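Chemist: Below: one structure in structure tokens.
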Amino acid sequence: MNQWGSRMAAAFVVAALAQASGASAQPAAGTAAPVKELATLLGAGASGPGPRFIAAEDPTNNTRFVAAMLLPELQLLVVSAAYSAPVLLRERVLTKKYQEAYQDLQAASIPEGKVVIEDLLANGLAVKPAKNQGPDVVTMGGRTTTFDGLWRKAKLKEEEYTGAFTAAEQEYTRLLGLLVAQAKAN
């Protein structure tokens, strides 16, 4: 099984365990509402239980894009990065080929400045997961942080851990805003 399949399988198992145990996610005030809004918008025109995709151009830089794949009630995966052929990605966004845009950003984007957010259960980022729930994971600035509440295990000071969470939550909120605006424009 490739890395993609392994992550999806792990997300499914963790989500199933959390649902079976009755665990609920710790509220994520900053990102829960925009995640829910995006999920609602993506679900409105969808057919079937499969993944849903959205992508948008980032207005802060004409070579940067953001794309997301929603696995309803399992996970929201968001990637933001610069792309070496922005005309190609811009065309994918304009023609609503969001799955292709997502795949391009995941695979062929420029690594410097790439942001990847793995929001388990698609319920917003949590600084620490609820009992029997897996953690959210964010890669920003070349550094991956697992928000499991175990900053010492990650060899971080508590202030570094909470600072990383704050930065991740702010960027995630911004990216979600771009994706929600794109979904509403559809």
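Ordered as shown in the structure tokens, chains take letters A, B, and onward, while each chain numbers its residues from 1 and ligands are numbered from 1 in the order shown.
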Where in chain A does DSSP assign strand (DSSP E or B), given as a ChimeraX atom specification?
Modeler: /A:52-57,64-71,75-82,110-120,136-140,143-147
Chemist: Mind dumping the selected residues with C-alpha atoms as a PDB file, in the first residue's frame?
Modeler:
ATOM      1  CA  ARG A  52     -14.894  15.887  -2.497  1.00  0.00           C
ATOM      2  CA  PHE A  53     -12.370  18.367  -3.833  1.00  0.00           C
ATOM      3  CA  ILE A  54     -12.020  22.152  -4.050  1.00  0.00           C
ATOM      4  CA  ALA A  55      -9.147  24.408  -5.091  1.00  0.00           C
ATOM      5  CA  ALA A  56      -8.487  28.136  -5.298  1.00  0.00           C
ATOM      6  CA  GLU A  57      -5.797  30.596  -6.205  1.00  0.00           C
ATOM      7  CA  ARG A  64       0.381  29.939  -4.858  1.00  0.00           C
ATOM      8  CA  PHE A  65      -2.724  27.805  -4.697  1.00  0.00           C
ATOM      9  CA  VAL A  66      -4.708  25.972  -2.055  1.00  0.00           C
ATOM     10  CA  ALA A  67      -6.620  22.747  -2.526  1.00  0.00           C
ATOM     11  CA  ALA A  68      -8.518  20.371  -0.289  1.00  0.00           C
ATOM     12  CA  MET A  69      -9.869  16.867  -0.259  1.00  0.00           C
ATOM     13  CA  LEU A  70     -12.758  16.169   2.090  1.00  0.00           C
ATOM     14  CA  LEU A  71     -13.480  12.637   3.182  1.00  0.00           C
ATOM     15  CA  GLN A  75     -10.703  13.867   7.366  1.00  0.00           C
ATOM     16  CA  LEU A  76     -10.062  17.163   5.608  1.00  0.00           C
ATOM     17  CA  LEU A  77      -6.690  17.341   3.868  1.00  0.00           C
ATOM     18  CA  VAL A  78      -5.547  20.802   2.795  1.00  0.00           C
ATOM     19  CA  VAL A  79      -2.418  21.697   0.852  1.00  0.00           C
ATOM     20  CA  SER A  80      -1.152  25.171   0.006  1.00  0.00           C
ATOM     21  CA  ALA A  81       1.948  25.755  -2.063  1.00  0.00           C
ATOM     22  CA  ALA A  82       3.546  27.585  -4.937  1.00  0.00           C
ATOM     23  CA  ILE A 110       7.440  23.726  -4.776  1.00  0.00           C
ATOM     24  CA  PRO A 111       8.499  22.366  -1.345  1.00  0.00           C
ATOM     25  CA  GLU A 112       9.606  25.730   0.091  1.00  0.00           C
ATOM     26  CA  GLY A 113       6.674  27.299   1.908  1.00  0.00           C
ATOM     27  CA  LYS A 114       4.383  24.304   1.405  1.00  0.00           C
ATOM     28  CA  VAL A 115       1.646  23.889   4.017  1.00  0.00           C
ATOM     29  CA  VAL A 116      -0.111  20.563   4.579  1.00  0.00           C
ATOM     30  CA  ILE A 117      -2.939  20.230   7.105  1.00  0.00           C
ATOM     31  CA  GLU A 118      -4.427  16.893   8.115  1.00  0.00           C
ATOM     32  CA  ASP A 119      -7.621  17.651  10.038  1.00  0.00           C
ATOM     33  CA  LEU A 120      -8.725  14.306  11.398  1.00  0.00           C
ATOM     34  CA  ASP A 136      -4.343  16.630  13.760  1.00  0.00           C
ATOM     35  CA  VAL A 137      -1.030  17.060  11.925  1.00  0.00           C
ATOM     36  CA  VAL A 138       0.299  20.238  10.314  1.00  0.00           C
ATOM     37  CA  THR A 139       3.415  20.774   8.216  1.00  0.00           C
ATOM     38  CA  MET A 140       4.463  24.417   7.885  1.00  0.00           C
ATOM     39  CA  ARG A 143       8.387  21.352  10.165  1.00  0.00           C
ATOM     40  CA  THR A 144       5.692  18.799  10.968  1.00  0.00           C
ATOM     41  CA  THR A 145       3.829  19.154  14.251  1.00  0.00           C
ATOM     42  CA  THR A 146       1.516  16.480  15.586  1.00  0.00           C
ATOM     43  CA  PHE A 147      -1.061  18.106  17.847  1.00  0.00           C
TER      44      PHE A 147
END
Chemist: Would you kindly return, as number ranges by chain, each protein, DNA or RNA residue with an atom no farther than 12 Å from any atom of Glu91 of chain A, considering only C-alpha atoms and excluding same-chain residues fewer than 2 positions away?
Modeler: A: 55-57, 65, 85-89, 93-98, 100-101
Chemist: Using Å and a single decimal, report how far atom CA of Pro135 of chain A sits from atom CA of Leu179 of chain A.
Modeler: 22.7 Å
Chemist: For the structure I just gave you, how does DSSP split segment 66-146 of chain A - specifically, which residues are alpha helix (DSSP H)? Reply as a ChimeraX atom specification.
Modeler: /A:86-94,98-108
Chemist: One number please: atom CA of Tyr83 of chain A to atom CA of Gly141 of chain A, in Å, one decimal.
Modeler: 16.0 Å
Chemist: Which is closest to Gln133 of chain A among A:Leu74, A:Lys153, A:Lys184, A:Thr162, if we use only C-alpha atoms?
Modeler: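 That would be A:Leu74, the residue with the smallest distance to Gln133 of chain A.
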Chemist: Write out as a CSV table (one decimal) with all heavy atoms, in the first residue's frame each polymer residue whose atoms come within 8 Å of Glu169 of chain A, counting only C-alpha atoms; drop sequence neighbours fewer than 2 positions from it.
Modeler:
chain,number,residue,atom,x,y,z
A,30,GLY,N,-11.5,28.2,16.6
A,30,GLY,CA,-11.0,29.0,15.5
A,30,GLY,C,-11.3,28.4,14.1
A,30,GLY,O,-11.6,29.1,13.2
A,31,THR,N,-11.3,27.1,14.0
A,31,THR,CA,-11.4,26.5,12.7
A,31,THR,C,-12.6,25.6,12.5
A,31,THR,O,-13.0,25.2,11.4
A,31,THR,CB,-10.1,25.7,12.3
A,31,THR,OG1,-9.9,24.7,13.4
A,31,THR,CG2,-8.9,26.6,12.2
A,125,LEU,N,-9.0,22.2,13.8
A,125,LEU,CA,-7.8,21.8,14.6
A,125,LEU,C,-8.0,21.8,16.1
A,125,LEU,O,-8.7,22.7,16.6
A,125,LEU,CB,-6.6,22.8,14.2
A,125,LEU,CG,-6.1,22.7,12.8
A,125,LEU,CD1,-4.9,23.7,12.7
A,125,LEU,CD2,-5.7,21.3,12.4
A,165,PHE,N,0.7,25.8,17.3
A,165,PHE,CA,-0.7,25.6,17.1
A,165,PHE,C,-1.4,26.9,16.7
A,165,PHE,O,-2.2,26.9,15.7
A,165,PHE,CB,-1.4,25.0,18.4
A,165,PHE,CG,-2.8,24.8,18.2
A,165,PHE,CD1,-3.3,23.7,17.5
A,165,PHE,CD2,-3.7,25.8,18.7
A,165,PHE,CE1,-4.7,23.5,17.4
A,165,PHE,CE2,-5.1,25.6,18.5
A,165,PHE,CZ,-5.6,24.5,17.8
A,166,THR,N,-1.1,28.0,17.3
A,166,THR,CA,-1.7,29.3,17.0
A,166,THR,C,-1.4,29.6,15.5
A,166,THR,O,-2.2,30.0,14.8
A,166,THR,CB,-1.1,30.3,17.9
A,166,THR,OG1,-1.5,30.0,19.3
A,166,THR,CG2,-1.7,31.7,17.6
A,167,ALA,N,-0.1,29.5,15.1
A,167,ALA,CA,0.3,29.8,13.7
A,167,ALA,C,-0.5,28.9,12.8
A,167,ALA,O,-1.0,29.3,11.7
A,167,ALA,CB,1.8,29.6,13.6
A,171,GLU,N,-3.2,30.1,9.9
A,171,GLU,CA,-3.1,29.8,8.5
A,171,GLU,C,-4.2,28.9,8.0
A,171,GLU,O,-4.7,29.2,6.9
A,171,GLU,CB,-1.7,29.1,8.2
A,171,GLU,CG,-1.5,28.8,6.7
A,171,GLU,CD,-1.3,30.1,5.8
A,171,GLU,OE1,-1.4,31.2,6.3
A,171,GLU,OE2,-1.2,29.9,4.6
A,172,TYR,N,-4.7,28.0,8.7
A,172,TYR,CA,-5.8,27.1,8.4
A,172,TYR,C,-7.0,27.9,8.2
A,172,TYR,O,-7.8,27.7,7.2
A,172,TYR,CB,-6.0,26.0,9.4
A,172,TYR,CG,-6.9,24.9,9.0
A,172,TYR,CD1,-7.0,24.4,7.7
A,172,TYR,CD2,-7.5,24.2,10.0
A,172,TYR,CE1,-7.8,23.4,7.4
A,172,TYR,CE2,-8.3,23.1,9.7
A,172,TYR,CZ,-8.5,22.7,8.4
A,172,TYR,OH,-9.3,21.6,8.1
A,173,THR,N,-7.3,28.9,9.1
A,173,THR,CA,-8.5,29.7,9.0
A,173,THR,C,-8.4,30.5,7.7
A,173,THR,O,-9.4,30.7,7.0
A,173,THR,CB,-8.6,30.7,10.2
A,173,THR,OG1,-8.7,29.9,11.4
A,173,THR,CG2,-9.7,31.6,10.1
Chemist: With only C-alpha atoms as the counted atoms, please give the residues lying no more than 9 Å from Tyr161 of chain A, apart from itself and same-chain residues fewer than 2 positions off, as a ChimeraX atom specification.
Modeler: /A:127,145,147,149-151,154,156-159,163-166
Chemist: Next, dump the selected residues to file, keeping only N, CA and C atoms, as a PDB file, in the first residue's frame.
Modeler:
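File produced: selection.pdb:
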ATOM      1  N   VAL A 127      -5.782  21.497  19.740  1.00  0.00           N
ATOM      2  CA  VAL A 127      -4.440  21.530  20.311  1.00  0.00           C
ATOM      3  C   VAL A 127      -4.084  20.180  20.932  1.00  0.00           C
ATOM      4  N   THR A 145       4.228  19.183  12.844  1.00  0.00           N
ATOM      5  CA  THR A 145       3.829  19.154  14.251  1.00  0.00           C
ATOM      6  C   THR A 145       2.586  18.295  14.376  1.00  0.00           C
ATOM      7  N   PHE A 147      -0.382  17.474  16.713  1.00  0.00           N
ATOM      8  CA  PHE A 147      -1.061  18.106  17.847  1.00  0.00           C
ATOM      9  C   PHE A 147      -1.739  17.041  18.709  1.00  0.00           C
ATOM     10  N   GLY A 149      -0.795  16.937  22.098  1.00  0.00           N
ATOM     11  CA  GLY A 149      -0.650  17.414  23.472  1.00  0.00           C
ATOM     12  C   GLY A 149       0.649  16.974  24.129  1.00  0.00           C
ATOM     13  N   LEU A 150       1.483  16.253  23.408  1.00  0.00           N
ATOM     14  CA  LEU A 150       2.721  15.709  23.973  1.00  0.00           C
ATOM     15  C   LEU A 150       3.931  16.501  23.490  1.00  0.00           C
ATOM     16  N   TRP A 151       4.018  17.764  23.900  1.00  0.00           N
ATOM     17  CA  TRP A 151       5.099  18.626  23.425  1.00  0.00           C
ATOM     18  C   TRP A 151       6.456  18.154  23.915  1.00  0.00           C
ATOM     19  N   ALA A 154       7.850  15.564  21.677  1.00  0.00           N
ATOM     20  CA  ALA A 154       8.308  16.174  20.428  1.00  0.00           C
ATOM     21  C   ALA A 154       9.541  17.049  20.640  1.00  0.00           C
ATOM     22  N   LEU A 156       9.790  19.804  22.409  1.00  0.00           N
ATOM     23  CA  LEU A 156       9.412  21.206  22.308  1.00  0.00           C
ATOM     24  C   LEU A 156       9.111  21.738  23.698  1.00  0.00           C
ATOM     25  N   LYS A 157       9.233  23.031  23.851  1.00  0.00           N
ATOM     26  CA  LYS A 157       8.743  23.685  25.053  1.00  0.00           C
ATOM     27  C   LYS A 157       7.249  23.904  24.846  1.00  0.00           C
ATOM     28  N   GLU A 158       6.524  23.991  25.940  1.00  0.00           N
ATOM     29  CA  GLU A 158       5.076  24.174  25.821  1.00  0.00           C
ATOM     30  C   GLU A 158       4.739  25.429  25.022  1.00  0.00           C
ATOM     31  N   GLU A 159       5.516  26.497  25.206  1.00  0.00           N
ATOM     32  CA  GLU A 159       5.273  27.739  24.471  1.00  0.00           C
ATOM     33  C   GLU A 159       5.483  27.541  22.971  1.00  0.00           C
ATOM     34  N   GLY A 163       2.569  27.938  20.344  1.00  0.00           N
ATOM     35  CA  GLY A 163       2.852  28.899  19.276  1.00  0.00           C
ATOM     36  C   GLY A 163       2.676  28.263  17.898  1.00  0.00           C
ATOM     37  N   ALA A 164       3.139  27.021  17.754  1.00  0.00           N
ATOM     38  CA  ALA A 164       2.961  26.300  16.489  1.00  0.00           C
ATOM     39  C   ALA A 164       1.482  26.077  16.217  1.00  0.00           C
ATOM     40  N   PHE A 165       0.722  25.763  17.266  1.00  0.00           N
ATOM     41  CA  PHE A 165      -0.719  25.565  17.090  1.00  0.00           C
ATOM     42  C   PHE A 165      -1.400  26.864  16.671  1.00  0.00           C
ATOM     43  N   THR A 166      -1.059  27.956  17.321  1.00  0.00           N
ATOM     44  CA  THR A 166      -1.653  29.253  16.988  1.00  0.00           C
ATOM     45  C   THR A 166      -1.356  29.622  15.537  1.00  0.00           C
TER      46      THR A 166
END
